[in-house]
Amino acid sequence: MNKPSFFLPIILDGEDKSSTIKNRIRKNYRHIRKWAKRSQTNCFRIYDRDIKEYPLAIDFYDGRFSVHFFSYDRDLNEASAQLYEEINQALCSIFGTTTNHIYWRTRIKRRKKEQYEKIDKQKDFFTVLEYGTKFKVNLRDYLDSGLFLDHRETRRLVASIAKGKRVLNLFAYTCSFSVQAALAGASFTKSIDLSNTYLAWGRDNFILNSLPRENNEILRADCMKFLDDEIDSGALFDIIIIDPPTISRSKKMDQIFDIQKDYPTLITKSFKLLASDGVIFFSTNSRKFKLDESLFNSCSIKEITNKTIPLDFHNKKIHRCWKITS
């Protein structure tokens with residue numbers, strides 16, 4: 001795996017200004033670059049469906065680019081050849097890159113029970129920086145990179161209060177919340193997920209940042225079943241992160257997980273593991289999700305979505321986030 005570098009290309013004046021999409025990408029990148037340089041971050045969004053004719057999101061990962069084409073037609077599996085060529089040419093022209101550093105993904109509106117599978121086996125991993133923290137990413141083999149950029153500020157928020165705290169990370173994916181918390185001085189982190197692949201990836205993220213295994217436990221388990229066992233054990237946590245998928249139908253689960261149906265049980269059980277002065281951060285990417293606060297009379301619930309949307313995400317509905325306390 002490559003060592004993380006910190007080089008952010010400088011875009012010079014005097015370019016051809018006739019292309020609308022080029023102009024927008026340049027403007028967005030120049031704006032975010034100033035912040036990224038100050039914050040030691042080299043992975044961020046440079047285009048976010050700003051122009052109707054270009055239904056794309058483009059993410060920059062240390063000189064590589066992930067281009068997401070949003071299709072709402074299940075029969076349209078990829079961008080047109082014209083759009084593909086136009087965007088590739090724009091990125092190559094602006095950043096001096098080559099097409100082998102541009103990775104395209106199609107985001108199709110899936111049927112409720114459909115799942116995304118692994119799409120390649122190249123093991124093309126490299127390392128990026130987020131607020132100086134190292135993360136292993138892969139733009140070739142999976143639909144998602146291994147690091148959800150839209151939760152950058154949520155991770156920063158968790159890290160800001162993590163010193164000396166016990167942290168539980170449910171649906172941990174590649175453990176990015178846990179890594180940020182551990183680097184900020186958390187006394188203990190516990191990361192739970194059903195995927196051996198992503199948990200192994202998470203272990204690599206801890207190793208990348210020279211964090212000890214003994215204080216950072218990683219456990220493969222169904223989160224709903226884990227909560228029952230953990231409640232019985234009497235364990236308590238100061239910070240609990242809950243960022244579940246909208247729908248999950250893993251073969252390792254007894255039944256389909258549906259965020260809208262299962263969130264009351266998920267939050268109620270998690271609350272039983274919360275220390276007296278603790279906090280739960282609950283988030284979802286579901287556009288249709290509705291949270292009924294009347295179901296949680298013993299909790300204080302405050303939506304903090306505005307604080308957790310990064311400045312490079314123009315789509316402010318990318319996720320919603322709540323802070324839950326006693």
# chains A, B, ... in the order shown; residues from 1 in each chain; ligands from 1
call {"tool": "select_by_dssp", "arguments": {"residues": "region 4-97 of chain A", "states": "helix (DSSP H, G or I)", "output": "ChimeraX atom specification"}}
result
/A:20-39,81-95
call {"tool": "write_last_selection", "arguments": {"atoms": "C-alpha atoms", "output": "PDB file, in the first residue's frame"}}
result
ATOM      1  CA  THR A  20     -19.843  24.774 -18.067  1.00  0.00           C
ATOM      2  CA  ILE A  21     -18.883  21.564 -16.269  1.00  0.00           C
ATOM      3  CA  LYS A  22     -15.171  22.421 -16.315  1.00  0.00           C
ATOM      4  CA  ASN A  23     -15.879  25.857 -14.894  1.00  0.00           C
ATOM      5  CA  ARG A  24     -17.920  24.391 -12.048  1.00  0.00           C
ATOM      6  CA  ILE A  25     -15.355  21.728 -11.158  1.00  0.00           C
ATOM      7  CA  ARG A  26     -12.573  24.342 -11.155  1.00  0.00           C
ATOM      8  CA  LYS A  27     -14.567  26.694  -8.952  1.00  0.00           C
ATOM      9  CA  ASN A  28     -15.511  23.978  -6.470  1.00  0.00           C
ATOM     10  CA  TYR A  29     -11.991  22.568  -6.272  1.00  0.00           C
ATOM     11  CA  ARG A  30     -10.328  25.930  -5.750  1.00  0.00           C
ATOM     12  CA  HIS A  31     -12.754  26.690  -2.948  1.00  0.00           C
ATOM     13  CA  ILE A  32     -12.330  23.370  -1.124  1.00  0.00           C
ATOM     14  CA  ARG A  33      -8.558  23.203  -1.697  1.00  0.00           C
ATOM     15  CA  LYS A  34      -7.916  26.110   0.671  1.00  0.00           C
ATOM     16  CA  TRP A  35      -9.744  24.331   3.474  1.00  0.00           C
ATOM     17  CA  ALA A  36      -8.228  20.940   2.635  1.00  0.00           C
ATOM     18  CA  LYS A  37      -4.681  22.261   2.770  1.00  0.00           C
ATOM     19  CA  ARG A  38      -5.258  23.785   6.217  1.00  0.00           C
ATOM     20  CA  SER A  39      -6.942  20.666   7.568  1.00  0.00           C
ATOM     21  CA  ALA A  81     -20.438   7.510 -24.061  1.00  0.00           C
ATOM     22  CA  GLN A  82     -20.636  11.269 -24.644  1.00  0.00           C
ATOM     23  CA  LEU A  83     -20.930  12.093 -20.933  1.00  0.00           C
ATOM     24  CA  TYR A  84     -18.221   9.593 -20.062  1.00  0.00           C
ATOM     25  CA  GLU A  85     -15.787  11.131 -22.524  1.00  0.00           C
ATOM     26  CA  GLU A  86     -16.661  14.709 -21.592  1.00  0.00           C
ATOM     27  CA  ILE A  87     -16.046  14.179 -17.875  1.00  0.00           C
ATOM     28  CA  ASN A  88     -12.874  12.153 -18.396  1.00  0.00           C
ATOM     29  CA  GLN A  89     -11.530  14.872 -20.691  1.00  0.00           C
ATOM     30  CA  ALA A  90     -12.459  17.593 -18.195  1.00  0.00           C
ATOM     31  CA  LEU A  91     -10.688  15.905 -15.283  1.00  0.00           C
ATOM     32  CA  CYS A  92      -7.616  15.113 -17.364  1.00  0.00           C
ATOM     33  CA  SER A  93      -7.482  18.679 -18.647  1.00  0.00           C
ATOM     34  CA  ILE A  94      -7.979  20.380 -15.279  1.00  0.00           C
ATOM     35  CA  PHE A  95      -5.831  18.139 -13.091  1.00  0.00           C
TER      36      PHE A  95
END
call {"tool": "residues_around", "arguments": {"residues": "Asp59 (chain A)", "least_positions_apart": "3", "cutoff": "7 Å", "atoms": "only C-alpha atoms", "output": "JSON, numbers by chain"}}
result
{"A": [44, 45, 46, 65, 66, 67]}
call {"tool": "closest_residue", "arguments": {"among": "A:Lys307, A:Arg220, A:Asp277, A:Lys323", "to": "Glu293 (chain A)", "atoms": "only C-alpha atoms"}}
result
A:Lys323
call {"tool": "closest_atom_pairs", "arguments": {"of": "region 232-253 of chain A", "to": "region 145-157 of chain A", "cutoff": "12 Å", "atoms": "only C-alpha atoms", "output": "Markdown table"}}
result
| residue | atom | partner | partner_atom | distance |
| --- | --- | --- | --- | --- |
| A:Ile239 | CA | A:Leu157 | CA | 11.3 |
| A:Ile241 | CA | A:Arg155 | CA | 9.6 |
| A:Ile242 | CA | A:Thr154 | CA | 11.4 |
| A:Asp243 | CA | A:His151 | CA | 9.7 |
call {"tool": "closest_residue", "arguments": {"among": "A:Ser298, A:Leu194, A:Tyr54, A:Leu274", "to": "Ile240 (chain A)", "atoms": "only C-alpha atoms"}}
result
A:Leu274
call {"tool": "atom_distance", "arguments": {"atom1": "CA of Arg203 (chain A)", "atom2": "CA of Ser270 (chain A)"}}
result
23.7 Å
call {"tool": "closest_residue", "arguments": {"among": "A:Ile247, A:Leu129, A:Ala235, A:Ile304", "to": "Phe271 (chain A)", "atoms": "only C-alpha atoms"}}
result
A:Ala235
call {"tool": "atom_distance", "arguments": {"atom1": "CA of Leu139 (chain A)", "atom2": "CA of Thr284 (chain A)"}}
result
22.8 Å
call {"tool": "closest_residue", "arguments": {"among": "A:Leu8, A:Val158, A:Ile256, A:Leu183", "to": "Leu208 (chain A)", "atoms": "only C-alpha atoms"}}
result
A:Leu183
call {"tool": "atom_distance", "arguments": {"atom1": "CA of Phe6 (chain A)", "atom2": "CA of Arg213 (chain A)"}}
result
27.0 Å
call {"tool": "closest_residue", "arguments": {"among": "A:Glu217, A:Glu130, A:Asp238, A:Asp232", "to": "Ile192 (chain A)", "atoms": "only C-alpha atoms"}}
result
A:Glu217
